[in-house]
Each structure stands twice: as C-alpha cells, then as structure tokens.
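Below is run.csv, holding CSV, N, CA and C atoms.
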chain,number,residue,atom,x,y,z
A,1,GLN,N,-69.1,-37.0,15.9
A,1,GLN,CA,-67.9,-37.7,16.4
A,1,GLN,C,-68.4,-38.9,17.2
A,2,VAL,N,-67.8,-40.0,16.8
A,2,VAL,CA,-68.2,-41.3,17.5
A,2,VAL,C,-67.4,-41.4,18.8
A,3,GLN,N,-68.2,-41.7,19.8
A,3,GLN,CA,-67.6,-42.0,21.2
A,3,GLN,C,-68.1,-43.3,21.7
A,4,LEU,N,-67.1,-44.0,22.3
A,4,LEU,CA,-67.4,-45.3,23.0
A,4,LEU,C,-66.9,-45.1,24.4
A,5,VAL,N,-67.8,-45.3,25.4
A,5,VAL,CA,-67.4,-45.1,26.8
A,5,VAL,C,-67.7,-46.4,27.5
A,6,GLU,N,-66.6,-47.0,28.0
A,6,GLU,CA,-66.7,-48.3,28.7
A,6,GLU,C,-66.8,-48.0,30.2
A,7,SER,N,-67.4,-48.9,30.9
A,7,SER,CA,-67.4,-48.9,32.4
A,7,SER,C,-67.6,-50.3,32.9
A,8,GLY,N,-67.3,-50.5,34.2
A,8,GLY,CA,-67.6,-51.8,34.9
A,8,GLY,C,-66.4,-52.6,35.2
A,9,GLY,N,-65.2,-52.2,34.8
A,9,GLY,CA,-64.0,-52.9,35.1
A,9,GLY,C,-63.7,-52.8,36.6
A,10,GLY,N,-62.7,-53.6,37.0
A,10,GLY,CA,-62.2,-53.6,38.4
A,10,GLY,C,-61.5,-54.8,38.8
A,11,LEU,N,-61.3,-54.9,40.1
A,11,LEU,CA,-60.6,-56.1,40.7
A,11,LEU,C,-61.6,-57.1,41.2
A,12,VAL,N,-61.4,-58.3,40.9
A,12,VAL,CA,-62.3,-59.4,41.3
A,12,VAL,C,-61.5,-60.7,41.6
A,13,GLN,N,-61.9,-61.5,42.5
A,13,GLN,CA,-61.3,-62.7,42.8
A,13,GLN,C,-61.5,-63.8,41.8
A,14,PRO,N,-60.7,-64.7,41.6
A,14,PRO,CA,-60.9,-65.8,40.7
A,14,PRO,C,-62.3,-66.5,41.0
A,15,GLY,N,-63.0,-66.8,40.0
A,15,GLY,CA,-64.3,-67.4,40.1
A,15,GLY,C,-65.4,-66.3,40.2
A,16,GLY,N,-65.1,-65.1,40.3
A,16,GLY,CA,-66.1,-64.0,40.5
A,16,GLY,C,-66.6,-63.6,39.1
A,17,SER,N,-67.4,-62.5,39.2
A,17,SER,CA,-68.1,-62.0,38.0
A,17,SER,C,-68.0,-60.5,37.9
A,18,LEU,N,-68.0,-60.0,36.7
A,18,LEU,CA,-68.1,-58.6,36.4
A,18,LEU,C,-68.9,-58.4,35.2
A,19,ARG,N,-69.5,-57.2,35.1
A,19,ARG,CA,-70.3,-56.8,33.9
A,19,ARG,C,-69.8,-55.5,33.4
A,20,LEU,N,-69.4,-55.6,32.1
A,20,LEU,CA,-68.8,-54.4,31.4
A,20,LEU,C,-70.0,-53.8,30.6
A,21,SER,N,-69.9,-52.4,30.5
A,21,SER,CA,-70.9,-51.7,29.7
A,21,SER,C,-70.1,-50.8,28.7
A,22,CYS,N,-70.7,-50.6,27.5
A,22,CYS,CA,-70.2,-49.7,26.6
A,22,CYS,C,-71.3,-48.9,25.9
A,23,ALA,N,-71.3,-47.6,26.1
A,23,ALA,CA,-72.3,-46.8,25.5
A,23,ALA,C,-71.7,-46.1,24.2
A,24,ALA,N,-72.4,-46.2,23.1
A,24,ALA,CA,-71.9,-45.6,21.9
A,24,ALA,C,-72.8,-44.4,21.5
A,25,SER,N,-72.1,-43.4,21.1
A,25,SER,CA,-72.8,-42.2,20.6
A,25,SER,C,-72.1,-41.6,19.4
A,26,GLY,N,-72.9,-40.9,18.6
A,26,GLY,CA,-72.3,-40.3,17.4
A,26,GLY,C,-72.4,-41.1,16.1
A,27,MET,N,-73.1,-42.3,16.3
A,27,MET,CA,-73.2,-43.2,15.1
A,27,MET,C,-74.6,-43.8,15.2
A,28,PRO,N,-75.4,-43.7,14.1
A,28,PRO,CA,-76.7,-44.3,14.1
A,28,PRO,C,-76.6,-45.8,14.2
A,29,PRO,N,-77.3,-46.5,15.1
A,29,PRO,CA,-77.1,-48.0,15.2
A,29,PRO,C,-77.3,-48.7,13.9
A,30,GLY,N,-78.1,-48.2,13.0
A,30,GLY,CA,-78.2,-48.8,11.7
A,30,GLY,C,-77.0,-48.8,10.8
A,31,ASN,N,-76.0,-48.0,11.2
A,31,ASN,CA,-74.7,-47.9,10.5
A,31,ASN,C,-73.6,-48.8,11.1
A,32,ILE,N,-74.0,-49.5,12.1
A,32,ILE,CA,-73.0,-50.4,12.8
A,32,ILE,C,-73.1,-51.8,12.2
A,33,VAL,N,-71.9,-52.3,11.7
A,33,VAL,CA,-71.8,-53.6,11.2
A,33,VAL,C,-71.4,-54.6,12.3
A,34,THR,N,-70.4,-54.3,13.1
A,34,THR,CA,-70.1,-55.1,14.2
A,34,THR,C,-69.9,-54.2,15.5
A,35,MET,N,-70.2,-54.8,16.6
A,35,MET,CA,-70.0,-54.1,17.9
A,35,MET,C,-69.7,-55.1,18.9
A,36,GLY,N,-68.7,-54.9,19.7
A,36,GLY,CA,-68.3,-55.9,20.7
A,36,GLY,C,-67.1,-55.5,21.5
A,37,TRP,N,-66.4,-56.6,22.0
A,37,TRP,CA,-65.4,-56.4,23.0
A,37,TRP,C,-64.1,-57.1,22.5
A,38,TYR,N,-63.0,-56.5,22.8
A,38,TYR,CA,-61.7,-57.0,22.6
A,38,TYR,C,-60.9,-56.8,23.9
A,39,ARG,N,-59.8,-57.5,24.1
A,39,ARG,CA,-59.0,-57.3,25.3
A,39,ARG,C,-57.5,-57.4,24.9
A,40,GLN,N,-56.7,-56.8,25.8
A,40,GLN,CA,-55.3,-56.9,25.6
A,40,GLN,C,-54.6,-57.0,26.9
A,41,ALA,N,-53.9,-58.1,27.1
A,41,ALA,CA,-53.2,-58.4,28.3
A,41,ALA,C,-51.7,-57.9,28.1
A,42,PRO,N,-51.0,-57.6,29.2
A,42,PRO,CA,-49.7,-57.1,29.1
A,42,PRO,C,-48.8,-58.0,28.2
A,43,GLU,N,-48.1,-57.4,27.3
A,43,GLU,CA,-47.2,-58.1,26.4
A,43,GLU,C,-47.9,-59.1,25.5
A,44,LYS,N,-49.1,-59.0,25.3
A,44,LYS,CA,-49.9,-59.9,24.4
A,44,LYS,C,-50.6,-59.0,23.3
A,45,GLN,N,-51.0,-59.7,22.2
A,45,GLN,CA,-51.7,-59.0,21.2
A,45,GLN,C,-53.2,-58.8,21.6
A,46,ARG,N,-53.8,-57.8,21.1
A,46,ARG,CA,-55.2,-57.6,21.3
A,46,ARG,C,-56.0,-58.8,20.7
A,47,GLU,N,-57.0,-59.3,21.4
A,47,GLU,CA,-57.8,-60.4,20.9
A,47,GLU,C,-59.3,-60.2,21.0
A,48,MET,N,-60.0,-60.8,20.2
A,48,MET,CA,-61.4,-60.7,20.2
A,48,MET,C,-62.0,-61.5,21.4
A,49,VAL,N,-62.9,-60.8,22.1
A,49,VAL,CA,-63.6,-61.5,23.2
A,49,VAL,C,-65.0,-62.0,22.8
A,50,ALA,N,-65.8,-61.0,22.3
A,50,ALA,CA,-67.1,-61.3,21.9
A,50,ALA,C,-67.6,-60.2,21.0
A,51,THR,N,-68.3,-60.5,20.0
A,51,THR,CA,-68.9,-59.5,19.1
A,51,THR,C,-70.2,-59.8,18.5
A,52,PHE,N,-71.0,-58.8,18.3
A,52,PHE,CA,-72.3,-58.9,17.5
A,52,PHE,C,-71.9,-58.5,16.1
A,53,SER,N,-72.4,-59.2,15.1
A,53,SER,CA,-72.3,-58.8,13.7
A,53,SER,C,-73.6,-58.6,13.2
A,54,ILE,N,-73.7,-58.0,12.0
A,54,ILE,CA,-74.9,-57.7,11.3
A,54,ILE,C,-75.7,-59.0,11.2
A,55,GLY,N,-77.0,-58.9,11.4
A,55,GLY,CA,-77.8,-60.1,11.4
A,55,GLY,C,-77.9,-60.8,12.8
A,56,ARG,N,-77.3,-60.1,13.8
A,56,ARG,CA,-77.3,-60.6,15.2
A,56,ARG,C,-76.5,-61.9,15.4
A,57,ARG,N,-75.5,-62.1,14.5
A,57,ARG,CA,-74.6,-63.2,14.7
A,57,ARG,C,-73.6,-62.8,15.8
A,58,ILE,N,-73.4,-63.8,16.7
A,58,ILE,CA,-72.5,-63.6,17.8
A,58,ILE,C,-71.3,-64.5,17.7
A,59,ASN,N,-70.2,-63.9,18.0
A,59,ASN,CA,-68.9,-64.7,18.0
A,59,ASN,C,-68.2,-64.5,19.4
A,60,TYR,N,-67.7,-65.6,19.9
A,60,TYR,CA,-66.9,-65.6,21.1
A,60,TYR,C,-65.5,-66.1,20.9
A,61,GLY,N,-64.6,-65.5,21.6
A,61,GLY,CA,-63.2,-66.1,21.6
A,61,GLY,C,-63.2,-67.5,22.3
A,62,ASP,N,-62.4,-68.3,21.8
A,62,ASP,CA,-62.4,-69.7,22.3
A,62,ASP,C,-62.2,-69.7,23.9
A,63,SER,N,-61.4,-68.8,24.4
A,63,SER,CA,-61.1,-68.9,25.8
A,63,SER,C,-62.2,-68.4,26.7
A,64,VAL,N,-63.2,-67.8,26.2
A,64,VAL,CA,-64.3,-67.3,27.0
A,64,VAL,C,-65.6,-67.9,26.8
A,65,GLN,N,-65.7,-68.9,25.8
A,65,GLN,CA,-66.9,-69.6,25.5
A,65,GLN,C,-67.5,-70.2,26.8
A,66,ALA,N,-68.8,-70.0,27.0
A,66,ALA,CA,-69.5,-70.6,28.1
A,66,ALA,C,-69.3,-69.9,29.4
A,67,ARG,N,-68.4,-68.9,29.4
A,67,ARG,CA,-68.2,-68.1,30.6
A,67,ARG,C,-68.7,-66.7,30.5
A,68,PHE,N,-68.5,-66.1,29.3
A,68,PHE,CA,-68.9,-64.7,29.0
A,68,PHE,C,-70.1,-64.7,28.1
A,69,THR,N,-70.9,-63.6,28.3
A,69,THR,CA,-72.1,-63.5,27.5
A,69,THR,C,-72.2,-62.0,27.1
A,70,ILE,N,-72.3,-61.8,25.8
A,70,ILE,CA,-72.5,-60.5,25.2
A,70,ILE,C,-74.0,-60.2,25.0
A,71,SER,N,-74.4,-59.0,25.2
A,71,SER,CA,-75.7,-58.5,24.9
A,71,SER,C,-75.7,-57.1,24.5
A,72,LYS,N,-76.9,-56.6,24.1
A,72,LYS,CA,-77.0,-55.2,23.7
A,72,LYS,C,-78.4,-54.7,24.0
A,73,ASN,N,-78.5,-53.4,24.1
A,73,ASN,CA,-79.8,-52.8,24.4
A,73,ASN,C,-80.7,-52.8,23.1
A,74,PRO,N,-82.0,-52.7,23.2
A,74,PRO,CA,-82.8,-52.8,22.1
A,74,PRO,C,-82.5,-51.8,21.0
A,75,ALA,N,-82.0,-50.6,21.4
A,75,ALA,CA,-81.7,-49.6,20.4
A,75,ALA,C,-80.4,-49.9,19.6
A,76,GLY,N,-79.6,-50.8,20.2
A,76,GLY,CA,-78.4,-51.1,19.5
A,76,GLY,C,-77.3,-50.1,19.8
A,77,SER,N,-77.5,-49.2,20.8
A,77,SER,CA,-76.5,-48.2,21.0
A,77,SER,C,-75.6,-48.5,22.3
A,78,ALA,N,-75.8,-49.6,22.9
A,78,ALA,CA,-75.0,-50.0,24.0
A,78,ALA,C,-74.8,-51.5,23.9
A,79,VAL,N,-73.6,-52.0,24.4
A,79,VAL,CA,-73.3,-53.4,24.4
A,79,VAL,C,-72.7,-53.7,25.8
A,80,TYR,N,-73.0,-54.9,26.2
A,80,TYR,CA,-72.6,-55.3,27.6
A,80,TYR,C,-71.8,-56.7,27.5
A,81,LEU,N,-71.0,-56.9,28.5
A,81,LEU,CA,-70.3,-58.2,28.6
A,81,LEU,C,-70.4,-58.7,30.0
A,82,GLN,N,-71.2,-59.7,30.2
A,82,GLN,CA,-71.3,-60.4,31.5
A,82,GLN,C,-70.2,-61.5,31.5
A,83,MET,N,-69.3,-61.3,32.5
A,83,MET,CA,-68.1,-62.2,32.6
A,83,MET,C,-68.3,-63.0,33.9
A,84,ASN,N,-68.4,-64.3,33.8
A,84,ASN,CA,-68.5,-65.2,35.0
A,84,ASN,C,-67.3,-66.1,35.0
A,85,SER,N,-67.2,-66.7,36.2
A,85,SER,CA,-66.1,-67.7,36.4
A,85,SER,C,-64.8,-67.1,35.9
A,86,LEU,N,-64.5,-65.9,36.4
A,86,LEU,CA,-63.3,-65.2,35.9
A,86,LEU,C,-62.0,-65.9,36.4
A,87,LYS,N,-61.0,-65.9,35.5
A,87,LYS,CA,-59.7,-66.6,35.8
A,87,LYS,C,-58.6,-65.5,35.8
A,88,PRO,N,-57.5,-65.8,36.4
A,88,PRO,CA,-56.4,-64.8,36.4
A,88,PRO,C,-56.0,-64.4,34.9
A,89,GLU,N,-56.1,-65.4,34.0
A,89,GLU,CA,-55.7,-65.1,32.6
A,89,GLU,C,-56.7,-64.2,31.9
A,90,ASP,N,-57.8,-63.9,32.5
A,90,ASP,CA,-58.7,-62.9,32.0
A,90,ASP,C,-58.3,-61.5,32.3
A,91,THR,N,-57.3,-61.4,33.1
A,91,THR,CA,-56.8,-60.0,33.4
A,91,THR,C,-56.3,-59.3,32.1
A,92,ALA,N,-56.8,-58.1,31.9
A,92,ALA,CA,-56.5,-57.4,30.6
A,92,ALA,C,-57.2,-56.1,30.7
A,93,VAL,N,-56.9,-55.2,29.7
A,93,VAL,CA,-57.7,-54.0,29.4
A,93,VAL,C,-58.7,-54.4,28.4
A,94,TYR,N,-59.9,-54.2,28.7
A,94,TYR,CA,-61.0,-54.5,27.8
A,94,TYR,C,-61.5,-53.3,27.0
A,95,TYR,N,-61.6,-53.5,25.7
A,95,TYR,CA,-61.9,-52.4,24.8
A,95,TYR,C,-63.2,-52.6,24.1
A,96,CYS,N,-64.1,-51.6,24.0
A,96,CYS,CA,-65.3,-51.7,23.2
A,96,CYS,C,-64.9,-51.3,21.7
A,97,ASN,N,-65.5,-52.0,20.8
A,97,ASN,CA,-65.1,-51.8,19.4
A,97,ASN,C,-66.4,-51.7,18.5
A,98,VAL,N,-66.4,-50.8,17.6
A,98,VAL,CA,-67.5,-50.7,16.6
A,98,VAL,C,-66.9,-50.5,15.2
A,99,VAL,N,-67.5,-51.2,14.3
A,99,VAL,CA,-67.1,-51.1,12.9
A,99,VAL,C,-68.3,-50.6,12.1
A,100,SER,N,-68.2,-49.6,11.3
A,100,SER,CA,-69.3,-49.0,10.6
A,100,SER,C,-69.4,-49.6,9.2
A,101,ARG,N,-70.5,-49.3,8.5
A,101,ARG,CA,-70.7,-49.8,7.1
A,101,ARG,C,-69.6,-49.3,6.2
A,102,SER,N,-69.0,-48.2,6.5
A,102,SER,CA,-68.0,-47.7,5.6
A,102,SER,C,-66.6,-48.3,5.9
A,103,GLY,N,-66.6,-49.2,6.9
A,103,GLY,CA,-65.3,-49.8,7.3
A,103,GLY,C,-64.5,-49.1,8.3
A,104,SER,N,-65.0,-48.0,8.8
A,104,SER,CA,-64.3,-47.2,9.9
A,104,SER,C,-64.4,-48.0,11.2
A,105,GLN,N,-63.3,-48.0,11.9
A,105,GLN,CA,-63.3,-48.7,13.2
A,105,GLN,C,-63.0,-47.8,14.3
A,106,TYR,N,-63.7,-48.0,15.4
A,106,TYR,CA,-63.6,-47.1,16.5
A,106,TYR,C,-63.4,-47.9,17.8
A,107,TRP,N,-62.6,-47.3,18.7
A,107,TRP,CA,-62.3,-48.0,20.0
A,107,TRP,C,-62.6,-47.1,21.1
A,108,GLY,N,-63.0,-47.7,22.2
A,108,GLY,CA,-63.2,-47.0,23.5
A,108,GLY,C,-61.8,-46.8,24.1
A,109,GLN,N,-61.8,-46.2,25.3
A,109,GLN,CA,-60.6,-45.9,26.0
A,109,GLN,C,-60.0,-47.1,26.8
A,110,GLY,N,-60.9,-48.1,27.0
A,110,GLY,CA,-60.5,-49.3,27.7
A,110,GLY,C,-60.9,-49.2,29.1
A,111,THR,N,-61.2,-50.4,29.7
A,111,THR,CA,-61.4,-50.5,31.1
A,111,THR,C,-60.6,-51.7,31.6
A,112,GLN,N,-60.0,-51.5,32.8
A,112,GLN,CA,-59.1,-52.5,33.3
A,112,GLN,C,-59.8,-53.6,34.1
A,113,VAL,N,-59.6,-54.8,33.8
A,113,VAL,CA,-60.1,-56.0,34.6
A,113,VAL,C,-58.9,-56.7,35.2
A,114,ILE,N,-58.9,-56.9,36.5
A,114,ILE,CA,-57.8,-57.6,37.2
A,114,ILE,C,-58.5,-58.7,38.0
A,115,VAL,N,-58.1,-60.0,37.7
A,115,VAL,CA,-58.6,-61.1,38.4
A,115,VAL,C,-57.4,-61.7,39.3
A,116,SER,N,-57.6,-61.5,40.5
A,116,SER,CA,-56.5,-61.9,41.5
A,116,SER,C,-57.0,-62.1,42.8
A,117,SER,N,-56.4,-63.0,43.5
A,117,SER,CA,-56.8,-63.3,44.9
A,117,SER,C,-55.9,-62.5,45.9
Let me see the structure of the file written as structure tokens.
Amino acid sequence: QVQLVESGGGLVQPGGSLRLSCAASGMPPGNIVTMGWYRQAPEKQREMVATFSIGRRINYGDSVQARFTISKNPAGSAVYLQMNSLKPEDTAVYYCNVVSRSGSQYWGQGTQVIVSS
C-alpha cells in the first residue's frame, strides 16, 4: 500500500519561509515517474507547485519560480519543498503527489500553509 505523509505546514508571516516534507512508502523509488507538490486554495482548482520527473527534470509553477525549491533524498523516497518569500496568495493546502510507471496516481493527506500577518 502506497502512503505519502506530509509535514511542515503551519502559519507564517508574509516574507517568511517554511519547509515541507513528504515521505513515501510502499513503492520502490525506481517505479516513480513523477514526485512533487500540488496545492489547492479555497475555491480554486488544484495546481502544480513543483515536481521531479523521470530523468531529474524539475518543473515549477509560474507563481513560485525563484521562491520555492524542490529537492529529494538520495534514495528517492522523500521529497521536500523549501518555500521562501511567502505571500498571502501562497495560502493553501499542499499535497504530495506520486505517479507510478503504471500511471497510478497517489496523494498525501495534505498539509495546511497559511501566510498571514
């Protein structure tokens, strides 16, 4: 059974930083095609924040370029999101996502990020 467990969300002031973590279990890292982060703000569609794709290609959403950095552990079983210069519009539930070679998609339970003064 594939499990994705996120942590690191919370309340932060504008301009602050947070680091999110996602630990994946139940899937061999070699079976992962993409791994990364999405977010969903109230009354908005879920959007891609940052992802690793096979071949170590990295994609960032336009709104987080140059502020957020995605990374992963050497084993490929955990992914992190360093978020700097946070803005109120970054407020959302952040979800870890994994897609396998078979096309199956898995989501974590989400971690809330609130950017507010």
Quiz item: What's the 5 Å shell around Leu81 in chain A, counting all atoms listed in the file, without same-chain residues fewer than 4 positions away, as a ChimeraX atom specification?
Solution: /A:19-20,69-70
Return the single residue from A:Ser53, A:Gln112, A:Ser100, A:Gln40 that is closest to Lys72 in chain A, with distances computed using only C-alpha atoms.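 Checking each candidate against Lys72 in chain A, we get A:Ser53 as the closest.
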Checklist entry - Which neighbours of range 88-97 of chain A fall inside 6 Å, counting only N, CA and C atoms, when residues of the same chain fewer than 6 positions from it are skipped, and could you give them as a PyMOL selection string? => result chain A and resi 14+34-42+106-116
